[in-house]
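Trainee: Dumping the structure here so I can ask a few things about it.
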Amino acid sequence: MKVLVLGSGVIGVTSAWYLAQAGHEVVVIDRQEGAGRETSFANAGQLSYGYSSPWAGPGVPMKAVKWLLMHHRPFVFWPRPDPEMLTWLARMAANCTERAYHRNKGRMVRVAEYSRLALAELRAATGIEFDHRAQGTVQLFRTQAQLDHVGGDTAVLDEYGVPWELLDPEGCIASEPALARVRDRFVGGLRLPQDETGDAFLFTQRLAELARGAGVTFHLGVSVAGIRAEGGRVTAVETDHGDFSADAYVAALGSHTPALLRPLGLRLPVYPIKGYSLTLPVTEEAAAPVSTVMDETYKIAITRLGTRIRVGGTAEIAGFSKSLRVPRRETLEHSVRDLFPEGGDIAAAQFWTGLRPMTPDGTPVIGGTPLANLFTNTGHGTLGWTMACGSGRVLADIVSGRAPEIDVSDLGIARYG
């Protein structure tokens, strides 16, 4: 078939790659002039398979109030008269139960673990390079209360066969030697040895080049205006460069996907949750992180990417605003300065923001729609990079009419009614 993929972020490009590998003629459209230039551009850099968890969980509404009152707060909310936002928040609150958390985390870990295997196969087959490291993740706990509440997460990890290690302070230092300089700042950690790190932008750019070599056509600098449908099928995609037609269509436009599908009568509860990052050069090798350290208190990831440190975090609900807010930078700076004070040059840091496409239950929306030839691959939230290869491979199987290698029955748009 001829398949039209809308979006050239890490999700769109991996979808295109696996569709091409399945033998389809693939065309990709994106409004940017290059692949991976929006949400994939400067994310936290984690390939956090075991750490995959929904934001909605037991006690989160009360924790959110506490976070809003913190000086360096991980959660920021700008109230606005936005029905989509209010509906999304209500649905997220409904997922803040023990049962929903366990169900949603199980879905996420299932996709993430499959993605880990898919990326390993892709690296072996292509030799693609993207500042990759495979040295695990340490979720760092500053308080005993945080350490005492890891049981729920590790139970799900056990269910899916994901290895983990509970660390005392010396164990944390053994994994991340630079933490010895701030020994008094933490009480322990949870290490996920199969987690990895890498630059999502480099990966997306280089996989796009490999995809071109495999016959994929990219139309960049092309803005999608709408989708035409007739008789239960999509007939064309309207753009500022004319109409594009294909046999099948994949919507992988991140936070912008719902607005595109809404005129078709499809309600997709994906909302933009704004995140920020700093990228700073390493100044002292021994004082920098080896892999990723998750600062649990501030919900910030500090990741080593080659000769750089990426500091990513914050959940800001502010619609589609992409303004760079100074207080958010101060929070990122505080976390990296507190844990790796001599590791990187904060004064030389590049400050960035992007819009994560979040679902209320944290699970991506992958699969078919009521329109027979329209498919979605979106809603990955903070885990688009982590889940990209697995999601792209699953999506290609679904479009091709093949049975995916993992259960996808609960990942599609149908779960929202």
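Residue numbering restarts at 1 in every chain; chains get A, B, ... in the order shown in the structure tokens, and ligands count up from 1 in that same order.
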Need the shell around segment 13-19 of chain A: protein/DNA/RNA residues with any atom at most 9 Å away, counting only C-alpha atoms. Skip same-chain ones fewer than 6 positions apart. Format as a ChimeraX atom specification?

Mentor: /A:3-5,7,25-28,35-36,204-205,207-208,210-212,214,216,250,252,377,388-397,399-400

Trainee: If you take only C-alpha atoms and a cut-off of 7 Å, which residues of segment 199-272 of chain A touch segment 37-50 of chain A, and what are their nearest atom pairs and distances in Å to one decimal, in chain and number order, as CSV?

Mentor:
residue,atom,partner,partner_atom,distance
A:Asp199,CA,A:Gly45,CA,5.4
A:Ala200,CA,A:Ser40,CA,5.9
A:Phe201,CA,A:Phe41,CA,4.9

Trainee: Could you tell me which of A:Gly106, A:Gly367, A:Gly343, A:Pro58 comes closest to Ala178 of chain A if we count only C-alpha atoms?

Mentor: A:Gly343

Trainee: Which residues, written as a list in words, have at least one atom at most 9 Å from Ile300 of chain A, with only C-alpha atoms counted and residues fewer than 4 positions away on the same chain left out?

Mentor: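 Surrounding residues, per the criterion: Ala44, Pro74, Val293, Met294, Asp295, Glu296, Val311, Gly312, Gly313, Thr314, Thr331, Leu332, Ser335 and Val336 of chain A.
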
Trainee: Which parts of segment 223-281 of chain A does DSSP call helix (DSSP H, G or I) when run on the backbone here, written out as a list in words?

Mentor: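 Helix (DSSP H, G or I) assignments inside segment 223-281 of chain A correspond to Gly254, Ser255, His256, Thr257, Pro258, Ala259, Leu260, Leu261, Arg262, Pro263 and Leu264 of chain A.
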
Trainee: Residues at most 12 Å from Arg99 of chain A, counting only C-alpha atoms, excluding those fewer than 5 positions away in the same chain, as a list in words?

Mentor: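 The contact residues come out as Ala56, Gly57, Pro58, Ala94, Asn104, Lys105, Gly106, Gly152, Val156 and Asp361 of chain A.
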
Trainee: Using only C-alpha atoms, pick whichever of A:Gly275, A:Pro263, A:Gly189, A:Pro357 has the shortest atom-to-atom distance to Phe75 of chain A.

Mentor: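 Looking only at the distances to Phe75 of chain A, the closest residue turns out to be A:Gly275.
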